[in-house]
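Novice: Quick one, protein_21.cif (mmCIF, C-alpha atoms and all ligand atoms):
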```
data_start
loop_
_atom_site.label_atom_id
_atom_site.label_comp_id
_atom_site.auth_asym_id
_atom_site.auth_seq_id
_atom_site.Cartn_x
_atom_site.Cartn_y
_atom_site.Cartn_z
CA MET I 30 15.41 -16.26 9.84
CA VAL I 31 13.97 -13.14 8.16
CA GLN I 32 15.77 -12.13 4.99
CA ASN I 33 16.35 -8.44 4.22
CA ILE I 34 18.18 -8.51 0.89
CA TYR I 35 16.84 -5.09 -0.17
CA ASP I 36 19.10 -3.45 2.42
CA ASN I 37 22.14 -4.89 0.66
CA GLU I 38 23.40 -1.76 -1.15
CA ALA I 39 24.55 -3.46 -4.37
CA PHE I 40 21.27 -5.36 -4.67
CA TYR I 41 19.22 -2.27 -3.81
CA SER I 42 20.85 -0.20 -6.50
CA LYS I 43 20.27 -2.84 -9.19
CA TYR I 44 16.71 -3.51 -8.00
CA THR I 45 15.66 0.16 -8.02
CA ALA I 46 16.99 0.50 -11.59
CA LEU I 47 15.02 -2.59 -12.63
CA ARG I 48 11.85 -1.48 -10.83
CA ASN I 49 12.07 1.95 -12.50
CA ASN I 50 12.29 0.36 -15.95
CA GLU I 51 8.97 0.95 -17.69
CA LEU I 52 9.31 -2.33 -19.55
CA SER I 53 9.82 -4.43 -16.39
CA TYR I 54 7.67 -7.47 -15.61
CA ASN I 55 6.21 -5.36 -12.79
CA GLU I 56 5.03 -2.53 -15.00
CA ILE I 57 3.91 -4.52 -18.04
CA LEU I 58 2.47 -7.64 -16.42
CA GLU I 59 2.03 -7.55 -12.67
CA MET I 60 0.80 -4.01 -11.92
CA PRO I 61 -1.93 -3.97 -14.60
CA ILE I 62 -3.40 -7.22 -13.18
CA MET I 63 -3.32 -5.87 -9.61
CA GLN I 64 -4.98 -2.67 -10.84
CA GLU I 65 -7.68 -4.61 -12.64
CA LEU I 66 -8.49 -6.74 -9.57
CA LEU I 67 -8.32 -3.89 -7.04
CA PRO I 68 -11.63 -3.56 -5.14
CA ASP I 69 -13.28 -0.21 -4.52
CA ILE I 70 -11.03 1.53 -1.97
CA ASN I 71 -12.86 4.85 -2.01
CA ASN I 72 -12.65 6.31 1.53
CA LYS I 73 -11.24 3.01 2.87
CA SER I 74 -8.10 2.10 4.81
CA VAL I 75 -5.51 0.11 2.86
CA LEU I 76 -2.36 -1.72 3.93
CA ASP I 77 0.41 -2.43 1.38
CA ALA I 78 2.46 -5.31 2.81
CA GLY I 79 6.01 -5.24 1.41
CA CYS I 80 5.34 -1.89 -0.29
CA GLY I 81 8.91 -1.49 -1.51
CA MET I 82 9.48 1.83 -3.29
CA GLY I 83 5.80 2.76 -2.96
CA LYS I 84 4.98 2.34 -6.66
CA PHE I 85 1.60 0.71 -6.11
CA ILE I 86 0.76 3.24 -3.41
CA GLN I 87 1.18 6.00 -5.99
CA TYR I 88 -1.51 4.30 -8.07
CA LEU I 89 -3.76 3.59 -5.05
CA LEU I 90 -3.82 7.30 -4.22
CA SER I 91 -5.67 7.97 -7.49
CA LYS I 92 -8.55 5.80 -6.14
CA ASN I 93 -9.32 8.13 -3.24
CA PRO I 94 -8.51 5.92 -0.22
CA LYS I 95 -8.99 7.22 3.31
CA THR I 96 -5.55 6.09 4.47
CA ILE I 97 -2.73 3.92 3.16
CA THR I 98 -0.12 2.25 5.34
CA GLY I 99 3.00 0.97 3.63
CA ILE I 100 5.10 -1.51 5.55
CA ASP I 101 8.39 -3.00 4.43
CA ILE I 102 11.21 -4.81 6.17
CA SER I 103 13.82 -2.80 4.29
CA ASN I 104 14.99 0.62 5.51
CA ASN I 105 16.21 1.41 2.00
CA MET I 106 12.82 0.72 0.49
CA ILE I 107 10.89 2.78 3.04
CA GLU I 108 13.38 5.64 2.69
CA TYR I 109 12.91 5.61 -1.11
CA ALA I 110 9.11 5.45 -0.73
CA LYS I 111 9.07 8.38 1.71
CA GLN I 112 11.08 10.48 -0.70
CA HIS I 113 8.79 9.73 -3.63
CA VAL I 114 5.30 9.67 -2.06
CA ASP I 115 4.21 12.92 -0.50
CA ASP I 116 0.62 12.65 0.71
CA ASP I 117 -0.93 13.14 4.15
CA ARG I 118 -3.04 10.01 3.77
CA VAL I 119 0.05 7.78 3.58
CA THR I 120 2.11 6.43 6.49
CA PHE I 121 5.22 4.30 6.07
CA GLU I 122 6.72 1.92 8.56
CA VAL I 123 9.79 -0.28 8.61
CA GLY I 124 8.91 -3.73 9.89
CA ASP I 125 8.22 -7.39 9.31
CA ILE I 126 4.64 -8.04 8.18
CA LEU I 127 4.50 -11.09 10.46
CA THR I 128 4.85 -8.96 13.59
CA TYR I 129 2.89 -5.89 12.45
CA GLN I 130 0.22 -4.74 14.93
CA THR I 131 -2.69 -2.35 14.51
CA ASN I 132 -5.63 -1.24 16.64
CA GLU I 133 -7.77 -0.67 13.60
CA PRO I 134 -8.03 -3.47 11.05
CA PHE I 135 -7.87 -2.57 7.35
CA LYS I 136 -10.62 -2.69 4.73
CA CYS I 137 -8.14 -3.88 2.12
CA ILE I 138 -4.65 -5.39 2.10
CA VAL I 139 -2.58 -5.42 -1.07
CA SER I 140 0.83 -6.98 -1.59
CA SER I 141 2.94 -7.19 -4.73
CA LEU I 142 5.62 -9.83 -5.08
CA ALA I 143 6.59 -9.98 -1.41
CA PHE I 144 5.03 -13.20 -0.05
CA HIS I 145 7.59 -15.56 -1.63
CA TYR I 146 10.15 -14.00 0.73
CA VAL I 147 8.16 -15.05 3.81
CA GLU I 148 9.04 -18.51 5.08
CA ASP I 149 5.96 -19.26 7.20
CA TYR I 150 3.01 -18.93 4.81
CA VAL I 151 0.46 -20.20 7.36
CA GLU I 152 1.53 -17.58 9.90
CA LEU I 153 1.44 -14.94 7.18
CA ILE I 154 -2.13 -15.75 6.12
CA LYS I 155 -3.30 -15.91 9.76
CA LYS I 156 -1.72 -12.52 10.39
CA LEU I 157 -3.33 -10.96 7.30
CA ASN I 158 -6.71 -12.32 8.35
CA GLU I 159 -6.26 -10.72 11.78
CA LEU I 160 -5.34 -7.38 10.14
CA LEU I 161 -8.50 -7.27 7.99
CA VAL I 162 -12.08 -6.32 8.87
CA GLU I 163 -14.84 -8.82 8.10
CA ASP I 164 -15.48 -8.80 4.35
CA GLY I 165 -12.12 -7.05 3.85
CA ILE I 166 -10.20 -7.90 0.68
CA LEU I 167 -6.73 -9.40 0.40
CA LEU I 168 -5.19 -8.92 -3.06
CA PHE I 169 -1.69 -10.24 -3.61
CA SER I 170 0.73 -11.38 -6.27
CA THR I 171 3.62 -13.74 -5.70
CA GLU I 172 6.03 -15.80 -7.76
CA HIS I 173 4.21 -18.65 -9.45
CA PRO I 174 4.80 -22.15 -8.01
CA ILE I 175 5.59 -23.37 -11.54
CA GLN I 176 8.49 -20.91 -11.55
CA THR I 177 9.72 -21.44 -8.00
CA ALA I 178 9.64 -25.27 -7.99
CA THR I 179 12.92 -26.06 -9.72
CA LYS I 180 16.17 -26.34 -7.80
CA SER I 181 18.19 -25.88 -10.97
CA LYS I 182 20.47 -22.84 -11.14
CA ASN I 183 19.92 -22.75 -14.92
CA PRO I 184 16.22 -23.44 -15.33
CA TRP I 185 15.91 -22.72 -19.07
CA ILE I 186 16.54 -25.41 -21.67
CA HIS I 187 17.61 -24.18 -25.09
CA ASP I 188 17.24 -27.42 -26.99
CA GLN I 189 16.22 -26.99 -30.59
CA SER I 190 15.36 -23.32 -30.10
CA PRO I 191 16.04 -20.69 -27.41
CA TYR I 192 13.91 -20.83 -24.26
CA GLN I 193 12.22 -24.01 -25.43
CA HIS I 194 11.46 -25.40 -21.97
CA TYR I 195 11.52 -24.27 -18.35
CA LYS I 196 12.49 -26.97 -15.88
CA MET I 197 9.86 -28.37 -13.53
CA ASP I 198 11.24 -30.47 -10.69
CA HIS I 199 10.85 -30.83 -6.90
CA TYR I 200 7.31 -29.40 -7.16
CA PHE I 201 6.10 -31.08 -3.96
CA GLU I 202 9.15 -30.10 -1.90
CA GLU I 203 7.96 -26.98 -0.13
CA SER I 204 11.10 -25.28 1.09
CA ALA I 205 13.59 -22.49 0.46
CA ARG I 206 15.06 -22.01 -3.01
CA GLU I 207 18.36 -20.21 -3.24
CA THR I 208 18.66 -18.35 -6.55
CA GLU I 209 21.06 -15.87 -8.11
CA TRP I 210 19.27 -12.60 -8.83
CA LEU I 211 20.81 -9.21 -9.56
CA GLY I 212 24.22 -10.58 -8.65
CA GLU I 213 23.26 -11.80 -5.17
CA SER I 214 22.09 -14.99 -3.59
CA VAL I 215 18.38 -14.56 -2.84
CA ILE I 216 16.12 -16.94 -0.88
CA ARG I 217 12.53 -17.45 -2.01
CA TYR I 218 10.08 -19.96 -0.60
CA HIS I 219 8.34 -22.45 -2.85
CA ARG I 220 4.86 -23.77 -2.03
CA THR I 221 2.41 -25.61 -4.22
CA ILE I 222 -0.68 -24.04 -5.74
CA GLY I 223 -2.78 -26.26 -3.44
CA THR I 224 -0.99 -24.96 -0.34
CA MET I 225 -1.29 -21.37 -1.49
CA ILE I 226 -5.05 -21.60 -2.02
CA ASN I 227 -6.04 -24.09 0.71
CA THR I 228 -4.17 -22.13 3.40
CA LEU I 229 -6.34 -19.14 2.53
CA ILE I 230 -9.53 -21.22 2.65
CA GLU I 231 -8.54 -22.94 5.93
CA ASN I 232 -7.87 -19.57 7.55
CA GLY I 233 -11.17 -17.86 6.85
CA PHE I 234 -10.82 -16.53 3.31
CA VAL I 235 -13.14 -16.95 0.35
CA ILE I 236 -11.28 -17.03 -2.97
CA GLU I 237 -12.63 -14.54 -5.49
CA LYS I 238 -10.14 -14.74 -8.35
CA VAL I 239 -6.89 -16.48 -9.33
CA VAL I 240 -4.87 -15.19 -12.28
CA ASP I 241 -1.84 -16.94 -13.81
CA HIS I 242 0.22 -14.22 -15.44
CA GLY I 243 0.62 -14.82 -19.15
CA ASN I 244 1.17 -12.46 -22.04
CA THR I 245 -1.43 -9.72 -22.46
CA GLU I 246 -2.22 -7.28 -25.26
CA LEU I 247 0.11 -4.82 -23.56
CA SER I 248 3.03 -7.25 -23.21
CA MET I 249 2.60 -8.41 -26.82
CA GLU I 250 2.83 -4.81 -27.92
CA MET I 251 5.66 -3.64 -25.66
CA TRP I 252 8.07 -6.57 -25.27
CA ASP I 253 10.67 -8.05 -27.57
CA GLU I 254 10.28 -11.59 -28.89
CA GLU I 255 12.56 -13.19 -26.28
CA THR I 256 10.66 -11.75 -23.30
CA ARG I 257 7.30 -12.71 -24.80
CA LEU I 258 8.58 -16.22 -25.47
CA LYS I 259 9.72 -16.68 -21.85
CA VAL I 260 6.29 -15.66 -20.53
CA ASN I 261 4.56 -17.93 -23.06
CA GLN I 262 6.43 -20.93 -21.65
CA LYS I 263 5.54 -20.46 -17.96
CA PRO I 264 3.74 -17.93 -15.77
CA PRO I 265 6.19 -15.85 -13.72
CA PHE I 266 3.58 -14.76 -11.18
CA ILE I 267 0.16 -15.59 -9.77
CA THR I 268 -2.34 -13.07 -8.38
CA ILE I 269 -5.01 -14.07 -5.88
CA ARG I 270 -7.92 -12.02 -4.63
CA ALA I 271 -9.66 -13.30 -1.50
CA ARG I 272 -12.28 -11.94 0.88
CA LYS I 273 -12.25 -12.41 4.65
CA GLY I 274 -15.35 -14.47 5.37
CA ARG I 275 -17.87 -13.83 8.09
CA ILE I 276 -17.21 -15.67 11.34
C1 LIG I 301 10.05 -7.58 -5.08
S1 LIG I 301 9.89 -6.36 -3.85
C2 LIG I 301 8.30 -5.67 -4.29
C3 LIG I 301 8.10 -4.27 -3.77
C4 LIG I 301 6.76 -3.62 -4.12
N1 LIG I 301 5.64 -4.36 -3.56
C5 LIG I 301 6.63 -3.50 -5.61
O1 LIG I 301 5.88 -4.29 -6.21
O2 LIG I 301 7.26 -2.63 -6.19
C6 LIG I 301 9.53 -7.27 -2.37
C7 LIG I 301 9.47 -6.40 -1.13
O3 LIG I 301 9.01 -7.19 -0.03
C8 LIG I 301 9.72 -6.76 1.13
N2 LIG I 301 9.64 -7.81 2.14
C9 LIG I 301 10.18 -9.06 2.10
N3 LIG I 301 9.91 -9.74 3.22
C10 LIG I 301 9.16 -8.91 4.00
C11 LIG I 301 8.54 -9.05 5.29
N4 LIG I 301 8.68 -10.17 6.02
N5 LIG I 301 7.84 -7.99 5.79
C12 LIG I 301 7.73 -6.84 5.08
N6 LIG I 301 8.29 -6.66 3.85
C13 LIG I 301 8.99 -7.68 3.32
C14 LIG I 301 11.13 -6.51 0.60
O4 LIG I 301 11.91 -5.74 1.47
C15 LIG I 301 10.82 -5.84 -0.74
O5 LIG I 301 10.73 -4.44 -0.62
#
```
Give the structure from this file in structure tokens form.
Ligand SMILES: C[S@@+](CC[C@H](N)C(=O)[O-])C[C@H]1O[C@@H](n2cnc3c(N)ncnc32)[C@H](O)[C@@H]1O

Specialist:
Amino acid sequence: MVQNIYDNEAFYSKYTALRNNELSYNEILEMPIMQELLPDINNKSVLDAGCGMGKFIQYLLSKNPKTITGIDISNNMIEYAKQHVDDDRVTFEVGDILTYQTNEPFKCIVSSLAFHYVEDYVELIKKLNELLVEDGILLFSTEHPIQTATKSKNPWIHDQSPYQHYKMDHYFEESARETEWLGESVIRYHRTIGTMINTLIENGFVIEKVVDHGNTELSMEMWDEETRLKVNQKPPFITIRARKGRI
């Protein structure tokens, strides 16, 4: 079953507030890494899979792409993106990435923090391969398997000091994890690091870079001690850049 939690109004309102916070994990940690690993998109076609509010698309526009297509399963997200991104090169579409069709494959596909919502990772990677031209780049971030593994509702252990440990359990059980986030029950899908990387390799991709998100100069400067401590203990996200190999 495809989840569309971002069309739940209470969740949407809390999420947009969080995503607009300049000190969010997205802005301080995740976006800078995606920006650093972005290939040259000058005069190229780009797909943003799970584009949400269009925040990354706003950045991509500064790199002179030919076209950008933003797809998201949530009406709310696409509506927000349309209201905030006004550029003839950009097209938005409501839809599930797994069923998206195009006549013209993309030179680059980016995706920020959307893939952990997709249950069938093999289907997803096959689909992305089909949507890319030969030598096209797939750049995505997703929740880190070290973070998604636990089935505990309270994953932090405050033993002798706050945020001393983050629980690691059920690592090899690749299945849905129901978590409480922004006041709602949200399903994310856990898969191991091996599955994440080998599925790419087995479906025609060449891995170019893998980044575990830890504290950076920026996060050390901008965040309070508690937030820095949490990120020191375990990576919240992983970013992978892969190239579609020649057949
Ligand atoms: C955490 S948000 C990230 C949004 C945006 N990429 C960003 O970084 O600001 C995840 C997004 O993925 C979208 N999403 C989840 N499953 C999807 C699917 N199967 N197809 C398309 N979009 C999906 C959600 O609706 C949501 O907007």

Novice: Just the residues within 6 Å of region 141-158 of chain I, please, counting all atoms listed in the file, with nothing from its chain fewer than 2 positions along; format it as a PyMOL selection string.

Specialist: chain I and resi 79+127+160-161+169-171+217-218

Novice: Quick one: distance from CA of Val162 (chain I) to CA of Glu108 (chain I) in Å, one decimal?

Specialist: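 So the answer is 28.8 Å.
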
Novice: Could I get the residue neighbourhood of ligand LIG 301 (chain I) at 8 Å, counting only C-alpha atoms and all ligand atoms, as a PyMOL selection string?

Specialist: chain I and resi 31-36+48+55+60+77-85+100-103+106+123-127+140-147

Novice: Counting all atoms listed in the file, give me one row per residue of region 39-129 of chain I with an atom at most 9 Å from an atom of region 253-271 of chain I, showing the shortest contact pair and its distance in Å to one decimal, sorted by chain then residue number, as a Markdown table.

Specialist:
```
| residue | atom | partner | partner_atom | distance |
| --- | --- | --- | --- | --- |
| I:Tyr54 | CA | I:Pro265 | CA | 8.7 |
| I:Leu58 | CA | I:Phe266 | CA | 8.9 |
| I:Glu59 | CA | I:Phe266 | CA | 7.5 |
| I:Ile62 | CA | I:Thr268 | CA | 7.6 |
| I:Met63 | CA | I:Thr268 | CA | 7.4 |
| I:Leu66 | CA | I:Arg270 | CA | 7.3 |
| I:Leu67 | CA | I:Arg270 | CA | 8.5 |
```

Novice: Figure out the distance between CA of Arg220 (chain I) and CA of Thr98 (chain I), please, to one decimal in Å.

Specialist: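 So the two atoms, CA of Thr98 (chain I) and CA of Arg220 (chain I), lie 27.5 Å apart.
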
Novice: What is the distance, in Å and to one decimal place, between CA of Glu65 (chain I) and CA of Gln87 (chain I)?

Specialist: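 Spanning CA of Glu65 (chain I) to CA of Gln87 (chain I) is a straight-line distance of 15.3 Å.
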
Novice: Which residues are near Arg118 (chain I)? Cut-off 8 Å, all atoms listed in the file, ignore same chain within fewer than 3 positions. Put them as JSON, numbers by chain.

Specialist: {"I": [94, 95, 96, 97]}

Novice: If I put a ball of radius 6 Å at (21.7, -19.6, -10.7) in the file's coordinates, which residues poke into it when counting all atoms listed in the file, written as a PDB file with C-alpha atoms, in the frame of the given file?

Specialist:
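The result, written out as out11.pdb:
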```pdb
ATOM      1  CA  LYS I 182      20.470 -22.840 -11.140  1.00  0.00           C
ATOM      2  CA  ASN I 183      19.920 -22.750 -14.920  1.00  0.00           C
ATOM      3  CA  THR I 208      18.660 -18.350  -6.550  1.00  0.00           C
ATOM      4  CA  GLU I 209      21.060 -15.870  -8.110  1.00  0.00           C
TER       5      GLU I 209
END
```

Novice: Quick one: of I:Ile216, I:Leu76, I:Ile57, I:Met249, who's nearest to Thr131 (chain I), counting all atoms listed in the file?

Specialist: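 Of I:Ile216, I:Leu76, I:Ile57, I:Met249, the one nearest Thr131 (chain I) is I:Leu76, counting all atoms listed in the file.
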
Novice: Around all the atoms of region 78-92 of chain I listed in the file, draw an axis-aligned box and extend it by 5 Å on each of the six sides; I want its centre and edge lengths in Å to one decimal, as AutoDock Vina command-line options.

Specialist:
```
--center_x 0.5 --center_y 1.3 --center_z -2.6 --size_x 28.0 --size_y 23.3 --size_z 20.9
```

Novice: Of the residues I:Ala110, I:Asn71, I:Glu159, I:Tyr88, which is the one nearest to Asn132 (chain I), using all atoms listed in the file?

Specialist: I:Glu159

Novice: So, counting all atoms listed in the file, which residue among I:Thr45, I:Asn37, I:Thr177, I:Asn232 is closest to Lys273 (chain I)?

Specialist: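 Residue with the minimum atom-to-atom distance to Lys273 (chain I): I:Asn232.
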
Novice: What's the 12 Å shell around Ala178 (chain I), counting only C-alpha atoms, without same-chain residues fewer than 2 positions away, as number ranges by chain?

Specialist: I: 145, 172-176, 180-182, 184, 195-208, 217-222, 263, 265
